[in-house]
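Worksheet for the structure shown next.
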Amino acid sequence: MANNHKSEIKIDIELDENRIPEKLKWTAQDGGVENEETKAMLLSVWNSENKESLRIDLWTKDMPVDEMKIFFHQTLVAMSDTFYRATQDEKMSATMKDFCDYFAEKLELKQK
């Protein structure tokens, strides 16, 4: 019988009196991350029984808007890469990349 390995990802959230995140820290020991501070996170999970995605979107109250725009752009690019690896759908992946370029252009994140 194979030995199964269990891995844990931990997220700690410090909230202010209004339950707004002030600090976010995460740990993924298998990935070499230990109690690392972050300003934003997006977590999606798939509920196969209900055929729906569930998500947790958190950012600290001091997350700068300009950094949030960059974070979203990089997340969208990563999602298009992940979509390709998961589906091998080159056409839709390219379409998603085109949107990422458009998104970056409209937010003036890239040089023209």
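By order of appearance in the structure tokens: chains A, B, ..., then residues from 1 within every chain, and ligands from 1 in the order shown.
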Which polymer residues have any atom within 10 Å of an atom of segment 69-74 of chain A, counting only C-alpha atoms, with same-chain residues fewer than 2 positions away left out, as a PDB file with all heavy atoms, in the first residue's frame?
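Okay, part_17.pdb is ready:
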```pdb
ATOM      1  N   LYS A  39      -1.099  40.951   1.080  1.00  0.00           N
ATOM      2  CA  LYS A  39      -2.113  42.000   1.131  1.00  0.00           C
ATOM      3  C   LYS A  39      -3.441  41.566   0.521  1.00  0.00           C
ATOM      4  O   LYS A  39      -4.466  42.202   0.752  1.00  0.00           O
ATOM      5  CB  LYS A  39      -1.623  43.261   0.405  1.00  0.00           C
ATOM      6  CG  LYS A  39      -0.419  43.914   1.023  1.00  0.00           C
ATOM      7  CD  LYS A  39      -0.806  44.657   2.258  1.00  0.00           C
ATOM      8  CE  LYS A  39       0.396  45.381   2.853  1.00  0.00           C
ATOM      9  NZ  LYS A  39       0.096  45.875   4.177  1.00  0.00           N
ATOM     10  N   ALA A  40      -3.425  40.493  -0.291  1.00  0.00           N
ATOM     11  CA  ALA A  40      -4.657  40.053  -0.938  1.00  0.00           C
ATOM     12  C   ALA A  40      -4.567  38.575  -1.276  1.00  0.00           C
ATOM     13  O   ALA A  40      -3.484  38.038  -1.471  1.00  0.00           O
ATOM     14  CB  ALA A  40      -4.912  40.862  -2.208  1.00  0.00           C
ATOM     15  N   MET A  41      -5.748  37.951  -1.362  1.00  0.00           N
ATOM     16  CA  MET A  41      -5.820  36.546  -1.768  1.00  0.00           C
ATOM     17  C   MET A  41      -7.176  36.273  -2.407  1.00  0.00           C
ATOM     18  O   MET A  41      -8.177  36.870  -2.053  1.00  0.00           O
ATOM     19  CB  MET A  41      -5.605  35.611  -0.582  1.00  0.00           C
ATOM     20  CG  MET A  41      -6.662  35.729   0.502  1.00  0.00           C
ATOM     21  SD  MET A  41      -6.723  34.323   1.610  1.00  0.00           S
ATOM     22  CE  MET A  41      -7.683  33.193   0.646  1.00  0.00           C
ATOM     23  N   LEU A  42      -7.146  35.381  -3.370  1.00  0.00           N
ATOM     24  CA  LEU A  42      -8.364  34.890  -4.013  1.00  0.00           C
ATOM     25  C   LEU A  42      -8.288  33.369  -3.958  1.00  0.00           C
ATOM     26  O   LEU A  42      -7.317  32.781  -4.420  1.00  0.00           O
ATOM     27  CB  LEU A  42      -8.435  35.340  -5.470  1.00  0.00           C
ATOM     28  CG  LEU A  42      -8.310  36.841  -5.754  1.00  0.00           C
ATOM     29  CD1 LEU A  42      -8.231  37.083  -7.254  1.00  0.00           C
ATOM     30  CD2 LEU A  42      -9.457  37.604  -5.142  1.00  0.00           C
ATOM     31  N   PRO A  64      -3.063  48.867  -1.626  1.00  0.00           N
ATOM     32  CA  PRO A  64      -3.187  49.979  -2.573  1.00  0.00           C
ATOM     33  C   PRO A  64      -3.962  49.565  -3.834  1.00  0.00           C
ATOM     34  O   PRO A  64      -3.795  48.451  -4.338  1.00  0.00           O
ATOM     35  CB  PRO A  64      -1.735  50.317  -2.931  1.00  0.00           C
ATOM     36  CG  PRO A  64      -0.905  49.694  -1.854  1.00  0.00           C
ATOM     37  CD  PRO A  64      -1.674  48.489  -1.389  1.00  0.00           C
ATOM     38  N   VAL A  65      -4.796  50.455  -4.328  1.00  0.00           N
ATOM     39  CA  VAL A  65      -5.608  50.173  -5.513  1.00  0.00           C
ATOM     40  C   VAL A  65      -4.728  49.862  -6.719  1.00  0.00           C
ATOM     41  O   VAL A  65      -5.040  48.938  -7.489  1.00  0.00           O
ATOM     42  CB  VAL A  65      -6.580  51.340  -5.812  1.00  0.00           C
ATOM     43  CG1 VAL A  65      -7.293  51.132  -7.137  1.00  0.00           C
ATOM     44  CG2 VAL A  65      -7.589  51.479  -4.686  1.00  0.00           C
ATOM     45  N   ASP A  66      -3.620  50.581  -6.887  1.00  0.00           N
ATOM     46  CA  ASP A  66      -2.758  50.316  -8.041  1.00  0.00           C
ATOM     47  C   ASP A  66      -2.165  48.905  -7.965  1.00  0.00           C
ATOM     48  O   ASP A  66      -2.040  48.222  -8.983  1.00  0.00           O
ATOM     49  CB  ASP A  66      -1.670  51.371  -8.190  1.00  0.00           C
ATOM     50  CG  ASP A  66      -0.730  51.465  -7.004  1.00  0.00           C
ATOM     51  OD1 ASP A  66      -1.161  51.238  -5.859  1.00  0.00           O
ATOM     52  OD2 ASP A  66       0.455  51.782  -7.220  1.00  0.00           O
ATOM     53  N   GLU A  67      -1.843  48.440  -6.755  1.00  0.00           N
ATOM     54  CA  GLU A  67      -1.353  47.070  -6.606  1.00  0.00           C
ATOM     55  C   GLU A  67      -2.465  46.052  -6.818  1.00  0.00           C
ATOM     56  O   GLU A  67      -2.229  44.967  -7.345  1.00  0.00           O
ATOM     57  CB  GLU A  67      -0.709  46.879  -5.231  1.00  0.00           C
ATOM     58  CG  GLU A  67       0.616  47.589  -5.097  1.00  0.00           C
ATOM     59  CD  GLU A  67       1.312  47.317  -3.766  1.00  0.00           C
ATOM     60  OE1 GLU A  67       0.989  46.312  -3.097  1.00  0.00           O
ATOM     61  OE2 GLU A  67       2.183  48.123  -3.401  1.00  0.00           O
ATOM     62  N   LEU A  76      -5.388  36.958 -13.627  1.00  0.00           N
ATOM     63  CA  LEU A  76      -6.061  36.593 -14.879  1.00  0.00           C
ATOM     64  C   LEU A  76      -5.109  35.886 -15.841  1.00  0.00           C
ATOM     65  O   LEU A  76      -5.490  34.894 -16.487  1.00  0.00           O
ATOM     66  CB  LEU A  76      -6.660  37.838 -15.543  1.00  0.00           C
ATOM     67  CG  LEU A  76      -7.846  38.469 -14.820  1.00  0.00           C
ATOM     68  CD1 LEU A  76      -8.170  39.832 -15.421  1.00  0.00           C
ATOM     69  CD2 LEU A  76      -9.055  37.549 -14.858  1.00  0.00           C
ATOM     70  N   VAL A  77      -3.867  36.370 -15.935  1.00  0.00           N
ATOM     71  CA  VAL A  77      -2.866  35.714 -16.789  1.00  0.00           C
ATOM     72  C   VAL A  77      -2.612  34.290 -16.289  1.00  0.00           C
ATOM     73  O   VAL A  77      -2.583  33.337 -17.078  1.00  0.00           O
ATOM     74  CB  VAL A  77      -1.558  36.535 -16.842  1.00  0.00           C
ATOM     75  CG1 VAL A  77      -0.455  35.750 -17.526  1.00  0.00           C
ATOM     76  CG2 VAL A  77      -1.789  37.863 -17.559  1.00  0.00           C
ATOM     77  N   ALA A  78      -2.454  34.150 -14.982  1.00  0.00           N
ATOM     78  CA  ALA A  78      -2.215  32.817 -14.407  1.00  0.00           C
ATOM     79  C   ALA A  78      -3.406  31.893 -14.650  1.00  0.00           C
ATOM     80  O   ALA A  78      -3.235  30.703 -14.931  1.00  0.00           O
ATOM     81  CB  ALA A  78      -1.923  32.934 -12.911  1.00  0.00           C
ATOM     82  N   MET A  79      -4.619  32.437 -14.558  1.00  0.00           N
ATOM     83  CA  MET A  79      -5.809  31.619 -14.804  1.00  0.00           C
ATOM     84  C   MET A  79      -5.859  31.144 -16.253  1.00  0.00           C
ATOM     85  O   MET A  79      -6.269  30.005 -16.518  1.00  0.00           O
ATOM     86  CB  MET A  79      -7.078  32.395 -14.447  1.00  0.00           C
ATOM     87  CG  MET A  79      -7.277  32.551 -12.954  1.00  0.00           C
ATOM     88  SD  MET A  79      -8.695  33.574 -12.543  1.00  0.00           S
ATOM     89  CE  MET A  79     -10.030  32.556 -13.144  1.00  0.00           C
ATOM     90  N   SER A  80      -5.441  31.986 -17.190  1.00  0.00           N
ATOM     91  CA  SER A  80      -5.447  31.548 -18.586  1.00  0.00           C
ATOM     92  C   SER A  80      -4.413  30.443 -18.801  1.00  0.00           C
ATOM     93  O   SER A  80      -4.664  29.491 -19.558  1.00  0.00           O
ATOM     94  CB  SER A  80      -5.236  32.722 -19.541  1.00  0.00           C
ATOM     95  OG  SER A  80      -3.967  33.282 -19.391  1.00  0.00           O
ATOM     96  N   PHE A  99      -7.742  38.999 -23.756  1.00  0.00           N
ATOM     97  CA  PHE A  99      -8.456  39.812 -22.775  1.00  0.00           C
ATOM     98  C   PHE A  99      -7.493  40.367 -21.718  1.00  0.00           C
ATOM     99  O   PHE A  99      -7.612  41.528 -21.314  1.00  0.00           O
ATOM    100  CB  PHE A  99      -9.574  39.028 -22.083  1.00  0.00           C
ATOM    101  CG  PHE A  99     -10.194  39.822 -20.969  1.00  0.00           C
ATOM    102  CD1 PHE A  99     -11.052  40.873 -21.244  1.00  0.00           C
ATOM    103  CD2 PHE A  99      -9.874  39.553 -19.640  1.00  0.00           C
ATOM    104  CE1 PHE A  99     -11.596  41.643 -20.217  1.00  0.00           C
ATOM    105  CE2 PHE A  99     -10.404  40.325 -18.613  1.00  0.00           C
ATOM    106  CZ  PHE A  99     -11.274  41.365 -18.899  1.00  0.00           C
ATOM    107  N   CYS A 100      -6.540  39.550 -21.286  1.00  0.00           N
ATOM    108  CA  CYS A 100      -5.547  40.009 -20.302  1.00  0.00           C
ATOM    109  C   CYS A 100      -4.766  41.206 -20.847  1.00  0.00           C
ATOM    110  O   CYS A 100      -4.506  42.173 -20.111  1.00  0.00           O
ATOM    111  CB  CYS A 100      -4.598  38.877 -19.914  1.00  0.00           C
ATOM    112  SG  CYS A 100      -5.390  37.554 -18.980  1.00  0.00           S
ATOM    113  N   ASP A 101      -4.400  41.143 -22.115  1.00  0.00           N
ATOM    114  CA  ASP A 101      -3.700  42.265 -22.742  1.00  0.00           C
ATOM    115  C   ASP A 101      -4.592  43.512 -22.773  1.00  0.00           C
ATOM    116  O   ASP A 101      -4.146  44.619 -22.485  1.00  0.00           O
ATOM    117  CB  ASP A 101      -3.246  41.906 -24.155  1.00  0.00           C
ATOM    118  CG  ASP A 101      -2.120  40.887 -24.167  1.00  0.00           C
ATOM    119  OD1 ASP A 101      -1.442  40.719 -23.128  1.00  0.00           O
ATOM    120  OD2 ASP A 101      -1.915  40.261 -25.226  1.00  0.00           O
ATOM    121  N   PHE A 103      -7.135  44.157 -20.764  1.00  0.00           N
ATOM    122  CA  PHE A 103      -7.283  44.572 -19.365  1.00  0.00           C
ATOM    123  C   PHE A 103      -6.094  45.434 -18.937  1.00  0.00           C
ATOM    124  O   PHE A 103      -6.261  46.518 -18.373  1.00  0.00           O
ATOM    125  CB  PHE A 103      -7.391  43.301 -18.503  1.00  0.00           C
ATOM    126  CG  PHE A 103      -7.669  43.520 -17.045  1.00  0.00           C
ATOM    127  CD1 PHE A 103      -8.967  43.565 -16.570  1.00  0.00           C
ATOM    128  CD2 PHE A 103      -6.627  43.631 -16.135  1.00  0.00           C
ATOM    129  CE1 PHE A 103      -9.228  43.743 -15.215  1.00  0.00           C
ATOM    130  CE2 PHE A 103      -6.874  43.801 -14.781  1.00  0.00           C
ATOM    131  CZ  PHE A 103      -8.176  43.860 -14.319  1.00  0.00           C
ATOM    132  N   ALA A 104      -4.894  44.955 -19.232  1.00  0.00           N
ATOM    133  CA  ALA A 104      -3.677  45.683 -18.874  1.00  0.00           C
ATOM    134  C   ALA A 104      -3.601  47.022 -19.605  1.00  0.00           C
ATOM    135  O   ALA A 104      -3.202  48.034 -19.019  1.00  0.00           O
ATOM    136  CB  ALA A 104      -2.439  44.844 -19.180  1.00  0.00           C
ATOM    137  N   LEU A 107      -6.076  49.549 -18.099  1.00  0.00           N
ATOM    138  CA  LEU A 107      -5.633  50.013 -16.789  1.00  0.00           C
ATOM    139  C   LEU A 107      -4.254  50.664 -16.828  1.00  0.00           C
ATOM    140  O   LEU A 107      -3.705  51.030 -15.794  1.00  0.00           O
ATOM    141  CB  LEU A 107      -5.629  48.841 -15.791  1.00  0.00           C
ATOM    142  CG  LEU A 107      -7.003  48.292 -15.405  1.00  0.00           C
ATOM    143  CD1 LEU A 107      -6.855  47.118 -14.465  1.00  0.00           C
ATOM    144  CD2 LEU A 107      -7.857  49.376 -14.768  1.00  0.00           C
ATOM    145  N   GLU A 108      -3.725  50.747 -18.042  1.00  0.00           N
ATOM    146  CA  GLU A 108      -2.390  51.334 -18.264  1.00  0.00           C
ATOM    147  C   GLU A 108      -1.314  50.644 -17.425  1.00  0.00           C
ATOM    148  O   GLU A 108      -0.467  51.285 -16.819  1.00  0.00           O
ATOM    149  CB  GLU A 108      -2.433  52.843 -18.010  1.00  0.00           C
ATOM    150  CG  GLU A 108      -3.379  53.560 -18.928  1.00  0.00           C
ATOM    151  CD  GLU A 108      -3.483  55.052 -18.687  1.00  0.00           C
ATOM    152  OE1 GLU A 108      -2.974  55.543 -17.665  1.00  0.00           O
ATOM    153  OE2 GLU A 108      -4.095  55.728 -19.544  1.00  0.00           O
ATOM    154  N   LEU A 109      -1.385  49.310 -17.415  1.00  0.00           N
ATOM    155  CA  LEU A 109      -0.395  48.514 -16.679  1.00  0.00           C
ATOM    156  C   LEU A 109       0.816  48.182 -17.529  1.00  0.00           C
ATOM    157  O   LEU A 109       1.852  47.844 -17.012  1.00  0.00           O
ATOM    158  CB  LEU A 109      -1.026  47.208 -16.183  1.00  0.00           C
ATOM    159  CG  LEU A 109      -2.185  47.351 -15.201  1.00  0.00           C
ATOM    160  CD1 LEU A 109      -2.735  45.985 -14.843  1.00  0.00           C
ATOM    161  CD2 LEU A 109      -1.790  48.129 -13.970  1.00  0.00           C
TER     162      LEU A 109
END
```
Quick one: DSSP alpha helix (DSSP H) residues in chain A, as a PDB file with C-alpha atoms, in the first residue's frame?
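Okay, part.pdb is ready:
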```pdb
ATOM      1  CA  VAL A  65      -5.608  50.173  -5.513  1.00  0.00           C
ATOM      2  CA  ASP A  66      -2.758  50.316  -8.041  1.00  0.00           C
ATOM      3  CA  GLU A  67      -1.353  47.070  -6.606  1.00  0.00           C
ATOM      4  CA  MET A  68      -4.836  45.491  -6.653  1.00  0.00           C
ATOM      5  CA  LYS A  69      -5.046  46.211 -10.388  1.00  0.00           C
ATOM      6  CA  ILE A  70      -1.672  44.520 -10.950  1.00  0.00           C
ATOM      7  CA  PHE A  71      -2.724  41.603  -8.720  1.00  0.00           C
ATOM      8  CA  PHE A  72      -5.893  41.084 -10.756  1.00  0.00           C
ATOM      9  CA  HIS A  73      -4.014  41.263 -14.040  1.00  0.00           C
ATOM     10  CA  GLN A  74      -1.426  38.714 -12.927  1.00  0.00           C
ATOM     11  CA  THR A  75      -4.190  36.476 -11.567  1.00  0.00           C
ATOM     12  CA  LEU A  76      -6.061  36.593 -14.879  1.00  0.00           C
ATOM     13  CA  VAL A  77      -2.866  35.714 -16.789  1.00  0.00           C
ATOM     14  CA  ALA A  78      -2.215  32.817 -14.407  1.00  0.00           C
ATOM     15  CA  MET A  79      -5.809  31.619 -14.804  1.00  0.00           C
ATOM     16  CA  SER A  80      -5.447  31.548 -18.586  1.00  0.00           C
ATOM     17  CA  ASP A  81      -2.264  29.463 -18.198  1.00  0.00           C
ATOM     18  CA  THR A  82      -4.020  27.120 -15.772  1.00  0.00           C
ATOM     19  CA  PHE A  83      -7.027  26.873 -18.081  1.00  0.00           C
ATOM     20  CA  TYR A  84      -4.746  25.741 -20.911  1.00  0.00           C
ATOM     21  CA  ARG A  85      -2.939  23.168 -18.741  1.00  0.00           C
ATOM     22  CA  ALA A  86      -6.287  21.801 -17.510  1.00  0.00           C
ATOM     23  CA  THR A  87      -8.109  21.710 -20.872  1.00  0.00           C
ATOM     24  CA  GLU A  90      -5.528  26.584 -27.249  1.00  0.00           C
ATOM     25  CA  LYS A  91      -8.150  28.783 -28.886  1.00  0.00           C
ATOM     26  CA  MET A  92      -9.922  29.786 -25.678  1.00  0.00           C
ATOM     27  CA  SER A  93      -6.634  30.170 -23.835  1.00  0.00           C
ATOM     28  CA  ALA A  94      -5.448  32.594 -26.524  1.00  0.00           C
ATOM     29  CA  THR A  95      -8.739  34.481 -26.246  1.00  0.00           C
ATOM     30  CA  MET A  96      -8.243  34.756 -22.498  1.00  0.00           C
ATOM     31  CA  LYS A  97      -4.690  36.061 -23.058  1.00  0.00           C
ATOM     32  CA  ASP A  98      -6.071  38.656 -25.484  1.00  0.00           C
ATOM     33  CA  PHE A  99      -8.456  39.812 -22.775  1.00  0.00           C
ATOM     34  CA  CYS A 100      -5.547  40.009 -20.302  1.00  0.00           C
ATOM     35  CA  ASP A 101      -3.700  42.265 -22.742  1.00  0.00           C
ATOM     36  CA  TYR A 102      -6.824  44.411 -23.153  1.00  0.00           C
ATOM     37  CA  PHE A 103      -7.283  44.572 -19.365  1.00  0.00           C
ATOM     38  CA  ALA A 104      -3.677  45.683 -18.874  1.00  0.00           C
ATOM     39  CA  GLU A 105      -3.939  48.260 -21.651  1.00  0.00           C
ATOM     40  CA  LYS A 106      -7.142  49.807 -20.262  1.00  0.00           C
TER      41      LYS A 106
END
```
Item to complete: For Gly31 of chain A, please output as a list in words all residues within 12 Å (counting only C-alpha atoms; exclusion window: fewer than 2 positions along the same chain).
Response: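 Final neighbour list, sorted by chain and number: Ser7, Glu8, Ile9, Lys10, Trp26, Thr27, Ala28, Gln29, Val33, Glu34, Asn35 and Glu36 of chain A.
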Fill in: Atom-to-atom span, atom CA of Lys23 of chain A and atom CA of Ser44 of chain A, Å
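Those two atoms sit 20.0 Å apart.
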Worksheet item: How far is it from atom CA of Trp46 of chain A to atom CA of Glu22 of chain A, in Å with one decimal?
Response: 27.4 Å
Worksheet entry | Which of chain A fall in strand (DSSP E), as a PyMOL selection string | chain A and resi 10-15+21-28+33-38+40-47+52-59
Practice prompt. Find the residues around Leu24 of chain A up to 6 Å (only C-alpha atoms counted), leave out those fewer than 2 positions away in its own chain, and share them as a ChimeraX atom specification.
Written response: /A:12-13,37-38
Based on the selection just made, write N, CA, C and O atoms of those residues as a compact mmCIF listing (two decimals), in the first residue's frame.
```
# COMPACT_ATOMS: atom_id res chain seq x y z
N ASP A 12 -4.12 32.75 7.97
CA ASP A 12 -4.47 33.47 9.20
C ASP A 12 -4.91 34.88 8.82
O ASP A 12 -4.23 35.57 8.06
N ILE A 13 -6.03 35.29 9.40
CA ILE A 13 -6.60 36.59 9.09
C ILE A 13 -6.80 37.36 10.38
O ILE A 13 -7.49 36.88 11.28
N GLU A 37 3.40 37.22 5.06
CA GLU A 37 2.36 38.24 4.99
C GLU A 37 2.02 38.54 3.54
O GLU A 37 2.88 38.53 2.66
N THR A 38 0.74 38.79 3.29
CA THR A 38 0.26 39.17 1.98
C THR A 38 -0.81 40.23 2.13
O THR A 38 -1.35 40.41 3.22
```
Worksheet item: Just how far from atom CA of His5 of chain A is atom CA of Lys51 of chain A, in Å to one decimal?
Response: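 Between atom CA of Lys51 of chain A and atom CA of His5 of chain A the gap works out to 27.5 Å.
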